[in-house]
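S.K.: Starting off with a structure, shown below.
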Amino acid sequence: MKAALEALESGALDEIAGIDDLKILEESRVKYLGRNGQVTGILRGLATVSAEERPAMGQAANRVKQAIADALDAKKDTLEAAAFEKQTTAEAVDLSLPGRRPRPGHAHLIPQVADEIVDIFRELGFQVATGPDIETEYYNFDALNTPADHPARDSHDTFFVKPGVVLRTHTSPVQMRVMEKVQPPVAVVVPGRVYRVDYDASHSPMFYQFEGLLVDEGVSFADLKGTLMHFLERYFGPGHKVRFRPHFFPFTEPSAEVDISCTMCKGAGCRVCKHSGWLEVLGCGMVHPEVFKHANYDYEKYSGFAFGMGVDRLAMLRHAISSIGHLYENDLRFLEQF
Ligand code: PHE
């Protein structure tokens, strides 16, 4: 039995020394020390050994068992340390690598253009005013001399929120909201969203307008003209012809639409200007006395001008954008160009 124990010990220790895999090491633990393992078998066999021999044999068997267990543990520590070393090397973070830069965003073309227009008017002394997108019919229409039966209401295809409440069809209601609060002199510009039931290449149900209002003593159409000419030259650059065409708006009298010579063909005629040589860019006029009445302004003493333009349209004209839809589809390939 002693010889068998010695053979088992040296065989086991040799085997363990040669193992380089944790799974195989575990198999070898089961093989020697498991419930049906070889060492366990020898310890069970002690029952058949004579009483005198049993203590010495028992001691020897336990020593072998301990030696194998120690070898298994030591090997396990070595293999685990090696595996850890391998893993940390493989997953090591190279702290000297440059980081990944977050891609910074930028303002959308529409607010870019709106800010630019605001800056041009701020230099002239205008202040920025705002009003609600959800507006009462009173501010959107009635106060602007556009009563319920007025045909001009039809041309604004209005979204109704509930009776008497609409999504504003233009930024003009902010004129009245400002005049209710402050006395002349007034000089404000109003960038903002407006809504109309309209949808094609040049119309979006939501778009941006830019309103202007100036009221003081002795304001004339010449002031309106000079202000807008200055603006158009600043925005489109020098060298464009500008024309004022008589027009009608219920809240201005007289009223005009303003065209500039086509930014694409310089007036020669092309697809963009529909071969007219001209592009319509805004509506304007002298504030109607009825509007001043609603504001409780003395219309004998004060006069003023107002104008409104489409920010989308101004952006599209300058960048030769063919469809307003591009501005709202959030296609980065388009948006990143600006
Ligand atoms: N509110 C008008 C429109 O949306 C534009 C306008 C504003 C005209 C101010 C005259 C004065 O068509």
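Each chain in the structure tokens gets a letter, A, B, ..., in the order shown, and its residues are numbered from 1; ligands are numbered from 1 in order too.
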Could you make a table, as a tab-separated table, of the residues of region 100-120 of chain A that have an atom within 9 Å of an atom of region 298-318 of chain A, each with its nearest atom pair and distance in Å to one decimal, counting only C-alpha atoms, in chain and number order?
M.R.:
```
residue	atom	partner	partner_atom	distance
A:Leu109	CA	A:Ala315	CA	7.4
A:Ile110	CA	A:Asp312	CA	6.5
A:Pro111	CA	A:Val311	CA	8.9
A:Val113	CA	A:Ala315	CA	6.5
A:Ala114	CA	A:Val311	CA	6.5
A:Ile117	CA	A:Val311	CA	8.8
```
S.K.: May I have the residues within 10 Å of ligand 1, computed using only C-alpha atoms and all ligand atoms, as an MDAnalysis selection string?
M.R.: chainID A and resid 140 144 152 155:156 168:173 175 194 209:213 247:257 282:288 305:310
S.K.: Could you state the separation of CA of Glu280 (chain A) and CA of Asp259 (chain A) in Å, given to one decimal place?
M.R.: 4.2 Å
S.K.: Need the shell around Gly277 (chain A): protein/DNA/RNA residues with any atom at most 10 Å away, counting only C-alpha atoms. Skip same-chain ones fewer than 2 positions apart. Format as an mmCIF file with C-alpha atoms, in the first residue's frame?
M.R.:
```cif
data_model
loop_
_atom_site.group_PDB
_atom_site.id
_atom_site.type_symbol
_atom_site.label_atom_id
_atom_site.label_comp_id
_atom_site.auth_asym_id
_atom_site.auth_seq_id
_atom_site.Cartn_x
_atom_site.Cartn_y
_atom_site.Cartn_z
ATOM 1 C CA ASP A 259 -39.514 92.695 -55.238
ATOM 2 C CA ILE A 260 -35.774 92.551 -55.827
ATOM 3 C CA SER A 261 -34.104 91.713 -59.105
ATOM 4 C CA CYS A 262 -33.545 87.968 -59.258
ATOM 5 C CA THR A 263 -30.573 86.877 -57.151
ATOM 6 C CA MET A 264 -29.855 84.015 -59.589
ATOM 7 C CA CYS A 265 -30.018 85.635 -63.036
ATOM 8 C CA LYS A 266 -29.627 89.304 -62.012
ATOM 9 C CA GLY A 267 -32.889 90.110 -63.729
ATOM 10 C CA ALA A 268 -32.291 88.353 -67.042
ATOM 11 C CA GLY A 269 -35.003 85.778 -66.372
ATOM 12 C CA CYS A 270 -34.585 82.210 -65.123
ATOM 13 C CA ARG A 271 -36.434 79.312 -63.523
ATOM 14 C CA VAL A 272 -36.135 80.740 -60.000
ATOM 15 C CA CYS A 273 -37.853 84.049 -60.894
ATOM 16 C CA LYS A 274 -40.209 82.296 -63.323
ATOM 17 C CA HIS A 275 -38.607 84.341 -66.120
ATOM 18 C CA LEU A 279 -38.434 87.982 -56.779
#
```
S.K.: Would you return as a count of residues only the members of region 45-166 of chain A that DSSP assigns to strand (DSSP E or B) on this structure's backbone?
M.R.: 10
S.K.: Could you check which of A:Val188, A:Ile134, A:Ala143, A:Leu33 is closest to Phe159 (chain A), using only C-alpha atoms?
M.R.: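 Ranking A:Val188, A:Ile134, A:Ala143, A:Leu33 by distance to Phe159 (chain A), first place goes to A:Ile134.
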